[in-house]
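**Q** Input structure: my_file.cif, which contains mmCIF, C-alpha atoms.
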```cif
data_start
#
loop_
_atom_site.label_atom_id
_atom_site.label_comp_id
_atom_site.auth_asym_id
_atom_site.auth_seq_id
_atom_site.Cartn_x
_atom_site.Cartn_y
_atom_site.Cartn_z
CA MET A 282 -17.09 34.16 42.76
CA ALA A 283 -17.10 33.18 46.43
CA ALA A 284 -18.62 29.81 45.64
CA ALA A 285 -16.05 29.16 42.94
CA ALA A 286 -13.18 30.08 45.23
CA GLY A 287 -14.52 27.99 48.08
CA GLY A 288 -15.15 25.04 45.79
CA TRP A 289 -11.64 25.22 44.40
CA LEU A 290 -10.05 25.39 47.83
CA ARG A 291 -12.05 22.39 48.96
CA ARG A 292 -10.43 20.41 46.17
CA CYS A 293 -7.09 21.24 47.78
CA THR A 294 -8.01 19.51 51.04
CA LYS A 295 -5.52 16.66 50.73
CA LEU A 296 -2.36 18.21 49.36
CA LYS A 297 0.45 15.66 49.21
CA ARG A 298 3.96 16.81 50.01
CA ASN A 299 5.79 13.55 49.16
CA MET A 300 7.39 13.94 45.77
CA PRO A 301 10.83 13.96 44.11
CA ALA A 302 13.12 16.91 44.79
CA TYR A 303 12.81 19.50 42.04
CA LEU A 304 13.77 23.14 41.94
CA ALA A 305 11.90 25.63 39.79
CA PRO A 306 14.03 28.14 37.86
CA TRP A 307 13.82 31.81 38.84
CA ARG A 308 12.24 33.73 35.99
CA ALA A 309 12.10 37.47 35.53
CA SER A 310 9.01 39.29 34.33
CA PRO A 311 8.37 43.03 34.51
CA CYS A 312 4.59 42.56 34.95
CA VAL A 313 4.13 39.58 37.25
CA PHE A 314 6.01 38.60 40.42
CA ARG A 315 8.25 35.84 39.18
CA SER A 316 8.31 34.52 42.75
CA SER A 317 4.61 33.67 42.28
CA LYS A 318 5.27 31.51 39.21
CA SER A 319 6.18 28.04 40.43
CA GLU A 320 6.93 25.04 38.26
CA LEU A 321 4.64 22.01 38.46
CA MET A 322 6.02 18.79 39.79
CA PRO A 323 6.72 15.93 37.37
CA ASN A 324 4.59 12.78 37.61
CA LEU A 325 5.45 10.70 40.63
CA ALA A 326 7.02 7.30 40.27
CA SER A 327 5.64 4.39 42.28
CA ASP A 328 8.92 4.05 44.12
CA GLY A 329 11.85 6.23 45.13
CA VAL A 330 9.58 8.90 46.58
CA VAL A 331 11.30 11.49 48.75
CA CYS A 332 10.10 14.58 50.57
CA ALA A 333 9.98 17.63 48.32
CA PRO A 334 11.64 20.92 49.28
CA LEU A 335 9.20 23.64 50.24
CA GLN A 336 9.86 25.70 47.12
CA THR A 337 8.22 23.03 44.98
CA PHE A 338 4.47 22.73 44.69
CA THR A 339 1.74 20.35 43.68
CA GLU A 340 -0.63 21.36 40.91
CA GLU A 341 -3.23 22.38 43.48
CA GLU A 342 -0.75 24.52 45.41
CA THR A 343 0.34 26.24 42.22
CA MET A 344 -3.30 26.99 41.42
CA LEU A 345 -3.74 28.43 44.91
CA LYS A 346 -0.71 30.68 44.54
CA ASN A 347 -1.96 31.92 41.18
CA MET A 348 -5.42 32.60 42.54
CA VAL A 349 -4.08 34.61 45.49
CA THR A 350 -1.64 36.48 43.26
CA LYS A 351 -4.51 37.50 40.99
CA PHE A 352 -6.62 38.59 43.95
CA ALA A 353 -3.74 40.58 45.45
CA GLN A 354 -2.93 42.32 42.19
CA GLU A 355 -6.52 43.15 41.25
CA ARG A 356 -8.21 43.76 44.60
CA VAL A 357 -5.41 44.82 46.96
CA ALA A 358 -2.62 46.49 44.98
CA PRO A 359 -4.71 49.49 43.79
CA LEU A 360 -5.54 50.33 47.43
CA VAL A 361 -2.18 49.75 49.15
CA GLN A 362 -0.94 53.35 49.13
CA LYS A 363 -4.33 54.73 50.19
CA MET A 364 -4.64 52.25 53.06
CA ASP A 365 -1.11 52.99 54.24
CA GLU A 366 -1.62 56.76 54.17
CA ASN A 367 -5.00 56.57 55.92
CA SER A 368 -3.99 53.83 58.36
CA LYS A 369 -7.20 52.00 57.49
CA MET A 370 -8.01 48.67 55.91
CA GLU A 371 -10.56 49.08 53.14
CA ASP A 372 -13.81 47.21 53.72
CA SER A 373 -13.65 45.83 50.17
CA VAL A 374 -10.34 44.12 50.94
CA ILE A 375 -11.70 42.51 54.10
CA GLN A 376 -14.82 41.41 52.26
CA GLY A 377 -12.70 40.01 49.44
CA LEU A 378 -10.63 37.89 51.82
CA PHE A 379 -13.79 36.33 53.21
CA GLU A 380 -15.33 35.86 49.76
CA GLN A 381 -12.25 34.04 48.51
CA GLY A 382 -12.23 31.69 51.50
CA LEU A 383 -8.87 33.05 52.66
CA MET A 384 -10.01 33.69 56.23
CA SER A 385 -11.00 30.08 56.91
CA ILE A 386 -8.45 28.05 54.97
CA GLU A 387 -8.12 25.13 57.40
CA LEU A 388 -11.66 25.16 58.79
CA GLY A 389 -13.87 22.22 57.89
CA GLU A 390 -16.62 22.58 55.32
CA GLU A 391 -19.22 21.94 58.04
CA TYR A 392 -18.31 25.32 59.51
CA GLY A 393 -18.15 27.15 56.18
CA GLY A 394 -14.40 26.72 55.77
CA THR A 395 -12.45 25.36 52.82
CA GLY A 396 -10.76 22.41 54.54
CA ALA A 397 -7.30 23.00 53.07
CA SER A 398 -3.91 22.54 54.76
CA PHE A 399 -1.71 24.61 57.04
CA PHE A 400 0.84 24.75 54.24
CA SER A 401 -1.85 26.40 52.14
CA VAL A 402 -2.17 29.09 54.83
CA ILE A 403 1.56 29.76 54.57
CA LEU A 404 1.42 30.03 50.78
CA VAL A 405 -1.48 32.48 50.98
CA VAL A 406 0.21 34.69 53.58
CA GLU A 407 3.42 34.82 51.56
CA GLU A 408 1.63 35.78 48.34
CA LEU A 409 -0.44 38.50 50.03
CA ALA A 410 2.65 39.94 51.75
CA LYS A 411 4.32 40.49 48.39
CA VAL A 412 1.66 43.13 47.72
CA ASP A 413 0.76 44.35 51.22
CA PRO A 414 2.10 42.83 54.47
CA ALA A 415 -0.74 44.48 56.40
CA VAL A 416 -3.35 42.50 54.48
CA ALA A 417 -1.23 39.38 54.89
CA LEU A 418 -1.20 39.93 58.67
CA LEU A 419 -5.00 40.02 58.80
CA CYS A 420 -5.18 36.69 56.97
CA GLU A 421 -2.34 35.19 59.02
CA LEU A 422 -3.74 36.06 62.44
CA GLN A 423 -7.25 34.89 61.57
CA ASN A 424 -6.00 31.51 60.36
CA THR A 425 -3.10 30.70 62.69
CA LEU A 426 -4.39 32.18 65.95
CA ILE A 427 -8.13 32.76 65.98
CA ASN A 428 -9.34 29.76 64.00
CA LYS A 429 -6.68 27.53 65.54
CA LEU A 430 -7.75 28.38 69.10
CA PHE A 431 -11.39 27.60 68.34
CA THR A 432 -10.68 24.32 66.55
CA THR A 433 -8.07 23.07 69.03
CA TYR A 434 -9.56 24.04 72.40
CA GLY A 435 -13.18 25.02 71.78
CA THR A 436 -16.18 22.99 72.90
CA GLU A 437 -18.58 21.71 70.26
CA GLU A 438 -21.02 24.43 71.24
CA GLN A 439 -18.35 27.13 70.92
CA LYS A 440 -17.36 25.79 67.52
CA ARG A 441 -20.96 25.75 66.28
CA THR A 442 -21.45 29.29 67.55
CA TYR A 443 -18.26 30.99 66.38
CA LEU A 444 -16.62 29.07 63.54
CA PRO A 445 -19.33 29.85 60.96
CA ARG A 446 -18.98 33.52 61.91
CA VAL A 447 -15.19 33.70 61.57
CA ALA A 448 -15.49 31.87 58.25
CA LYS A 449 -18.12 34.26 56.88
CA ASP A 450 -17.56 37.83 58.10
CA THR A 451 -16.20 38.08 61.65
CA ILE A 452 -12.61 39.04 62.46
CA GLY A 453 -11.10 37.75 65.70
CA SER A 454 -8.55 39.42 67.96
CA PHE A 455 -6.09 37.92 70.45
CA CYS A 456 -5.71 39.94 73.69
CA LEU A 457 -2.55 39.02 75.59
CA SER A 458 -0.06 41.93 75.82
CA GLU A 459 -0.38 44.64 78.47
CA ALA A 460 1.47 47.85 79.29
CA GLY A 461 3.64 46.06 81.83
CA SER A 462 3.77 42.65 80.18
CA GLY A 463 5.11 42.68 76.65
CA SER A 464 7.83 40.08 76.18
CA ASP A 465 7.03 38.84 79.71
CA ALA A 466 3.43 38.34 78.67
CA PHE A 467 2.50 35.99 81.49
CA SER A 468 2.98 38.64 84.17
CA LEU A 469 -0.31 40.16 83.01
CA LYS A 470 -2.54 42.02 85.49
CA THR A 471 -5.97 41.61 83.90
CA ARG A 472 -8.17 39.82 86.44
CA ALA A 473 -11.21 37.57 86.06
CA GLU A 474 -13.20 37.13 89.28
CA LYS A 475 -15.70 34.29 89.53
CA LYS A 476 -19.27 35.22 90.48
CA GLY A 477 -21.54 32.18 90.39
CA ASP A 478 -21.76 30.86 86.85
CA TYR A 479 -19.98 33.83 85.26
CA TYR A 480 -16.76 35.86 85.58
CA ILE A 481 -16.14 39.60 85.89
CA ILE A 482 -13.11 40.78 83.89
CA ASN A 483 -11.25 43.99 84.71
CA GLY A 484 -8.02 45.21 83.16
CA SER A 485 -6.50 46.62 80.00
CA LYS A 486 -4.58 45.31 77.01
CA MET A 487 -2.21 47.08 74.65
CA TRP A 488 -0.88 46.53 71.13
CA ILE A 489 -3.89 44.40 70.19
CA SER A 490 -3.85 43.60 66.48
CA LEU A 491 -7.08 43.81 64.45
CA ALA A 492 -9.01 45.23 67.42
CA GLU A 493 -10.58 47.99 65.32
CA HIS A 494 -12.55 45.53 63.17
CA ALA A 495 -12.78 42.54 65.50
CA GLY A 496 -16.15 41.06 66.37
CA VAL A 497 -14.84 38.55 68.92
CA PHE A 498 -11.88 38.64 71.32
CA PHE A 499 -9.81 35.97 73.04
CA VAL A 500 -8.95 37.59 76.38
CA MET A 501 -6.23 36.27 78.64
CA ALA A 502 -7.05 37.04 82.29
CA ASN A 503 -5.88 35.64 85.61
CA THR A 504 -8.54 33.89 87.68
CA ASP A 505 -6.18 33.32 90.63
CA PRO A 506 -3.16 35.66 90.86
CA SER A 507 -1.73 33.59 93.75
CA LEU A 508 -0.98 30.88 91.20
CA GLY A 509 0.97 33.23 88.95
CA TYR A 510 0.87 32.30 85.28
CA ARG A 511 -0.95 29.06 86.18
CA GLY A 512 -4.03 31.13 86.92
CA ILE A 513 -4.21 32.56 83.40
CA THR A 514 -7.43 31.58 81.62
CA CYS A 515 -8.65 32.33 78.10
CA PHE A 516 -12.12 33.86 77.72
CA ILE A 517 -14.20 34.33 74.57
CA VAL A 518 -15.70 37.84 74.64
CA ASP A 519 -18.01 39.29 72.01
CA ARG A 520 -17.36 42.87 70.92
CA ASN A 521 -20.81 44.09 71.94
CA THR A 522 -20.34 42.92 75.55
CA GLU A 523 -20.99 45.77 77.97
CA GLY A 524 -17.78 47.18 79.45
CA LEU A 525 -15.49 46.22 76.56
CA HIS A 526 -13.92 49.31 74.98
CA VAL A 527 -11.59 49.49 71.98
CA GLY A 528 -9.38 52.57 72.18
CA LYS A 529 -7.81 54.81 69.57
CA LYS A 530 -5.56 52.90 67.20
CA GLU A 531 -1.80 53.51 67.25
CA ASP A 532 -0.16 55.70 64.60
CA LYS A 533 2.51 53.21 63.59
CA LEU A 534 5.68 53.20 61.51
CA GLY A 535 4.63 50.24 59.38
CA ILE A 536 1.79 47.74 58.80
CA ARG A 537 -0.35 50.84 59.04
CA ALA A 538 -3.49 49.46 57.41
CA SER A 539 -3.70 46.79 60.11
CA SER A 540 -5.11 48.29 63.31
CA THR A 541 -3.33 48.06 66.66
CA CYS A 542 -5.38 49.36 69.59
CA PRO A 543 -5.65 49.30 73.38
CA VAL A 544 -8.61 47.33 74.71
CA THR A 545 -10.03 47.89 78.20
CA PHE A 546 -12.38 45.76 80.27
CA GLU A 547 -14.54 47.39 82.93
CA ASN A 548 -16.64 44.89 84.85
CA VAL A 549 -17.12 42.80 81.74
CA LYS A 550 -19.50 39.95 82.53
CA VAL A 551 -18.64 36.70 80.75
CA PRO A 552 -20.52 33.42 81.24
CA GLU A 553 -18.54 30.44 82.46
CA THR A 554 -19.44 28.67 79.22
CA ASN A 555 -17.24 31.19 77.37
CA ILE A 556 -14.05 29.86 78.92
CA LEU A 557 -11.87 28.40 76.19
CA GLY A 558 -10.56 25.02 77.29
CA GLN A 559 -9.77 24.71 80.99
CA VAL A 560 -9.32 27.23 83.78
CA GLY A 561 -5.64 28.01 84.34
CA GLN A 562 -4.49 26.61 80.99
CA GLY A 563 -4.51 29.87 79.05
CA TYR A 564 -0.74 30.26 79.11
CA LYS A 565 -0.32 26.84 77.47
CA TYR A 566 -2.82 27.71 74.76
CA ALA A 567 -1.06 31.02 74.10
CA ILE A 568 2.34 29.35 73.76
CA GLY A 569 0.92 26.77 71.38
CA VAL A 570 -0.77 29.17 68.96
CA LEU A 571 2.08 31.68 69.08
CA ASN A 572 4.48 28.96 67.98
CA THR A 573 2.18 28.28 65.03
CA GLY A 574 1.80 32.00 64.41
CA ARG A 575 5.54 32.48 64.18
CA ILE A 576 5.60 30.28 61.10
CA GLY A 577 2.96 32.53 59.58
CA ILE A 578 4.92 35.66 60.44
CA ALA A 579 8.03 34.12 58.86
CA ALA A 580 5.98 33.64 55.68
CA GLN A 581 4.84 37.25 55.89
CA MET A 582 8.42 38.52 56.18
CA LEU A 583 9.55 36.27 53.32
CA GLY A 584 6.77 37.55 51.08
CA LEU A 585 7.52 41.14 52.07
CA ALA A 586 11.20 40.77 51.16
CA GLN A 587 10.36 39.10 47.85
CA GLY A 588 7.81 41.77 46.97
CA CYS A 589 10.36 44.49 47.67
CA PHE A 590 12.95 42.64 45.62
CA ASP A 591 10.52 42.20 42.73
CA HIS A 592 9.83 45.92 42.61
CA THR A 593 13.50 46.84 42.84
CA ILE A 594 15.34 44.63 40.35
CA PRO A 595 13.47 45.78 37.20
CA TYR A 596 14.22 49.39 38.13
CA THR A 597 17.92 48.77 38.74
CA LYS A 598 18.21 46.99 35.39
CA GLU A 599 16.65 49.97 33.59
CA ARG A 600 18.52 52.72 35.44
CA VAL A 601 21.86 53.43 33.77
CA GLN A 602 24.90 54.97 35.48
CA PHE A 603 28.34 55.31 33.85
CA GLY A 604 27.15 53.36 30.84
CA LYS A 605 25.98 50.33 32.84
CA SER A 606 22.74 49.39 34.53
CA VAL A 607 22.76 49.86 38.31
CA PHE A 608 22.02 46.15 38.67
CA ASP A 609 25.44 45.29 37.26
CA PHE A 610 27.14 47.04 40.22
CA GLN A 611 25.25 45.25 43.06
CA VAL A 612 25.19 41.92 44.90
CA ALA A 613 21.72 40.56 45.57
CA THR A 614 20.91 40.34 49.32
CA LEU A 615 17.11 40.40 49.29
CA THR A 616 16.89 42.91 52.11
CA THR A 617 14.68 45.97 52.05
CA SER A 618 17.42 48.34 53.17
CA LYS A 619 19.60 47.26 50.27
CA CYS A 620 16.68 47.64 47.91
CA ILE A 621 16.34 51.29 48.93
CA GLU A 622 20.05 51.83 48.27
CA TRP A 623 19.76 50.19 44.88
CA MET A 624 16.85 52.42 43.94
CA GLY A 625 18.81 55.55 44.82
CA GLY A 626 16.92 58.69 45.81
CA VAL A 627 13.58 57.49 44.49
CA GLY A 628 13.74 54.54 46.88
CA PHE A 629 13.44 57.04 49.73
CA THR A 630 10.26 58.55 48.30
CA LYS A 631 6.66 57.40 48.36
CA ASN A 632 6.56 57.29 44.57
CA TYR A 633 7.66 53.66 44.84
CA PRO A 634 6.54 51.06 47.42
CA ILE A 635 10.10 50.24 48.52
CA GLU A 636 10.08 52.56 51.55
CA LYS A 637 6.81 50.96 52.71
CA TYR A 638 8.31 47.48 52.61
CA TYR A 639 11.21 48.87 54.66
CA ARG A 640 8.83 50.29 57.28
CA ASP A 641 6.65 47.20 57.34
CA CYS A 642 9.50 44.75 57.88
CA LYS A 643 10.59 46.23 61.23
CA ILE A 644 7.61 44.74 63.07
CA GLY A 645 8.92 41.27 62.20
CA THR A 646 11.56 41.69 64.92
CA ILE A 647 8.90 42.50 67.51
CA TYR A 648 5.59 40.67 67.28
CA GLU A 649 5.09 36.96 68.01
CA GLY A 650 8.10 37.37 70.31
CA THR A 651 11.00 39.81 69.90
CA SER A 652 14.24 38.65 68.31
CA ASN A 653 15.76 38.18 71.79
CA ILE A 654 12.80 36.08 72.89
CA GLN A 655 13.14 33.97 69.74
CA LEU A 656 16.84 33.42 70.44
CA SER A 657 15.99 32.42 74.01
CA THR A 658 13.44 29.91 72.72
CA ILE A 659 15.99 28.45 70.30
CA ALA A 660 18.58 28.21 73.12
CA LYS A 661 16.11 26.32 75.34
CA SER A 662 15.38 23.87 72.53
CA LEU A 663 19.08 23.28 71.96
CA ALA A 664 19.65 22.76 75.69
CA GLN A 665 16.97 20.06 75.72
CA GLU A 666 18.58 18.24 72.78
CA TYR A 667 22.02 18.12 74.42
#
```
Represent the supplied structure as C-alpha cells.

**A**
Amino acid sequence: MAAAAGGWLRRCTKLKRNMPAYLAPWRASPCVFRSSKSELMPNLASDGVVCAPLQTFTEEETMLKNMVTKFAQERVAPLVQKMDENSKMEDSVIQGLFEQGLMSIELGEEYGGTGASFFSVILVVEELAKVDPAVALLCELQNTLINKLFTTYGTEEQKRTYLPRVAKDTIGSFCLSEAGSGSDAFSLKTRAEKKGDYYIINGSKMWISLAEHAGVFFVMANTDPSLGYRGITCFIVDRNTEGLHVGKKEDKLGIRASSTCPVTFENVKVPETNILGQVGQGYKYAIGVLNTGRIGIAAQMLGLAQGCFDHTIPYTKERVQFGKSVFDFQVATLTTSKCIEWMGGVGFTKNYPIEKYYRDCKIGTIYEGTSNIQLSTIAKSLAQEY
C-alpha cells in the first residue's frame, strides 16, 4: 500500500497549473464530501492558455484529493471522537500518514519523499482538515516547517541524516515560543553558550506543537544576547539528547489530538555541526517558514469550515420545522458558529462533530501569528507598496 501511494505521488511531481479557467459545479451528496469531488480540466489548447483558478485541478491533483479523502474517511474518521476525548493521536493514524507518503510530499525521492508540489501539500491539508483538523495540523507542520527547514537551510550531511527519517517515521517539532515571548517571539530567553566545538543550551519553550511524539526538534536559542534577535540561532536537537525534557501536554479547547507541550533544556550539549544554516540567522529562517506555514494553516481552516458545512447542510435539509426544512430558513455563511445554530440543540452536543469543528477553529486566530500580528504584517506590506 505504501509503495503504491508513494509511486502514485511521484507521478504527480510536475503538476502544471497553466490551464483555461473552469469552475466545477458544487454537488451535494449525503455520503461523500462534495467539496472533495472536483471536476477534471478539459484538454488544453496549444494557444490561449491562462492561469487556472485554484479551485480547478489537473487529473493528478484530482487523484490526490480522492486518495486523501479515502484515507481520511477510512483510517481517520472512525477515530476522531476517541482521539478528541483522549487528547491523543492514535499511532495507526500517524503510521498511516507516513505509509501514504503524506509526511514527505515535497521531499525528493532520494530522501524517501514523493517529490510532489507545494500545492499538493495544501490540497492534502485541506482534505484531512475536513475530517480532523488535528490530523491535518500534523501533516501541515511536518511538510511546511520541518521538511522545509531541512531542505532550505540544511547542509548535505544534515539532509542525509535527517530527511530519510522524517520521510519514514520521525515527527519533527519547531521550538520558538516561550512563556514571555509569544507574539513577540524574538525576545526569547533560551541561551546557547559556545564551548569549543559544541554549544550548551539552557531555557524553556512553551506551546510546542507535536512535542509529545517528536523525534527531532528545531530549537531557537540566542548565542549572543547583546545582539538581540540577531543572535538567534537554530539548532537541530534529537529527542534522546541528555537534558531535553518534554513536559505534560496542555489540556486544550480544540485540536486536542495534536499535542502541545512545554519543552525544557538543561545543559543540553549540541555539536556545532547541528547548527541549521548560519549563526545568528535563526530569526530569518523562522520568518521564512512561518510565512509558508500560514498558507498551510489557511488550508486547514478552509478544510475545517467545509467539513463542518458538509456535516450540517444534510441535517438542516432533513430537519423540518413549520412544514419546511430548516435549510429553507437560512443563509449560507460557511462558519462553524452558524452551523451550530442551524443544527439547533443537537449542534451543541457531542453526538455530532459540529461542536468539535467550532472548538478546533479558534486556534486559527492564534498560531502562526495572532490575527493582530497578521494584520500588522499586511499593513507593513501595504506600506512598502505605497

**Q** Which residue is closest to Val406 (chain A)? Choose from A:Ala664, A:Ile452, A:Ala579, A:Val374 and count only C-alpha atoms.

**A**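 Among the listed residues, the smallest separation from Val406 (chain A) belongs to A:Ala579.
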
**Q** Pick out the closest residue to Gly394 (chain A) from this set: A:Asn424, A:Ser657, A:Ser368, A:Ser462. Count all atoms listed in the file.

**A**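 Smallest separation from Gly394 (chain A) among the options: A:Asn424.
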
**Q** Give me the box for region 531-540 of chain A as AutoDock Vina command-line options, namely the centre and edge lengths in Å to one decimal of a box along x, y and z that holds every listed atom plus 8 Å on each side.

**A**
```
--center_x 0.3 --center_y 51.2 --center_z 62.3 --size_x 26.8 --size_y 24.9 --size_z 25.8
```

**Q** Hey, what comes out of the PyMOL selection byres ((chain A and resi 453) around 8) on this file? Could you write it as a ChimeraX atom specification?

**A** /A:423,427,447,451-452,454-455,491-492,495-499

**Q** Measuring between all atoms listed in the file, which one of A:Phe546, A:Tyr638, A:Phe379, A:Tyr443 shows the shortest distance to Leu534 (chain A)?

**A**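 Result for the nearest residue to Leu534 (chain A): A:Tyr638.
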
**Q** Expanded to explicit residues, what is the PyMOL selection byres ((chain A and resi 409-413) around 8) for this file, as a PDB file with C-alpha atoms, in the coordinates of the input?

**A**
```pdb
ATOM      1  CA  VAL A 349      -4.080  34.610  45.490  1.00  0.00           C
ATOM      2  CA  THR A 350      -1.640  36.480  43.260  1.00  0.00           C
ATOM      3  CA  ALA A 353      -3.740  40.580  45.450  1.00  0.00           C
ATOM      4  CA  GLN A 354      -2.930  42.320  42.190  1.00  0.00           C
ATOM      5  CA  VAL A 357      -5.410  44.820  46.960  1.00  0.00           C
ATOM      6  CA  ALA A 358      -2.620  46.490  44.980  1.00  0.00           C
ATOM      7  CA  VAL A 361      -2.180  49.750  49.150  1.00  0.00           C
ATOM      8  CA  VAL A 405      -1.480  32.480  50.980  1.00  0.00           C
ATOM      9  CA  VAL A 406       0.210  34.690  53.580  1.00  0.00           C
ATOM     10  CA  GLU A 407       3.420  34.820  51.560  1.00  0.00           C
ATOM     11  CA  GLU A 408       1.630  35.780  48.340  1.00  0.00           C
ATOM     12  CA  PRO A 414       2.100  42.830  54.470  1.00  0.00           C
ATOM     13  CA  ALA A 415      -0.740  44.480  56.400  1.00  0.00           C
ATOM     14  CA  VAL A 416      -3.350  42.500  54.480  1.00  0.00           C
ATOM     15  CA  ALA A 417      -1.230  39.380  54.890  1.00  0.00           C
ATOM     16  CA  LEU A 418      -1.200  39.930  58.670  1.00  0.00           C
ATOM     17  CA  GLN A 581       4.840  37.250  55.890  1.00  0.00           C
ATOM     18  CA  MET A 582       8.420  38.520  56.180  1.00  0.00           C
ATOM     19  CA  LEU A 583       9.550  36.270  53.320  1.00  0.00           C
ATOM     20  CA  GLY A 584       6.770  37.550  51.080  1.00  0.00           C
ATOM     21  CA  LEU A 585       7.520  41.140  52.070  1.00  0.00           C
ATOM     22  CA  ALA A 586      11.200  40.770  51.160  1.00  0.00           C
ATOM     23  CA  GLN A 587      10.360  39.100  47.850  1.00  0.00           C
ATOM     24  CA  GLY A 588       7.810  41.770  46.970  1.00  0.00           C
ATOM     25  CA  CYS A 589      10.360  44.490  47.670  1.00  0.00           C
TER      26      CYS A 589
END
```

**Q** Which residue is closest to Leu422 (chain A)? Choose from A:Ile594, A:Ser385, A:Tyr566, A:Asp372 and count only C-alpha atoms.

**A**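 With only C-alpha atoms as the atom set, the closest residue is A:Ser385.
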
**Q** The PyMOL selection byres ((chain A and resi 538) around 7) - which residues does that actually catch in the file I just gave you? List them as a ChimeraX atom specification.

**A** /A:364-365,368-370,415,536-537,539-540

**Q** Please compute the CA of Ala502 (chain A)-CA of Glu459 (chain A) distance, one decimal, in Å.

**A**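 Taking CA of Ala502 (chain A) as the start and CA of Glu459 (chain A) as the end point, the length is 10.8 Å.
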
**Q** For a quick check of understanding, using only C-alpha atoms, which of A:Ala660, A:Met501, A:Val570, A:Leu360 has the smallest distance to Glu421 (chain A)?

**A**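 Using only C-alpha atoms, the shortest distance to Glu421 (chain A) belongs to A:Val570.
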
**Q** Just the number, please: distance in Å from CA of Arg446 (chain A) to CA of Tyr392 (chain A), one decimal.

**A**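 Atom-to-atom, CA of Arg446 (chain A) and CA of Tyr392 (chain A) are spaced 8.6 Å apart.
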
**Q** When you count all atoms listed in the file, which of these residues is closest to Leu457 (chain A): A:Gly528, A:Gly563, A:Gly535, A:Gly577?

**A**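 Nearest to Leu457 (chain A): A:Gly563.
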
**Q** For CA of Leu378 (chain A) and CA of Arg441 (chain A), determine how far apart the two atoms are, in Å to one decimal place.

**A**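 Separation of CA of Leu378 (chain A) and CA of Arg441 (chain A): 21.5 Å.
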
**Q** Give me the residues near region 505-508 of chain A as a list of chain:residue names, where near means some atom within 9 Å (using all atoms listed in the file) and where sequence neighbours in that chain fewer than 3 positions away do not count.

**A** A:Lys470, A:Arg472, A:Ala473, A:Glu474, A:Arg511, A:Gly512, A:Ile513, A:Gly561
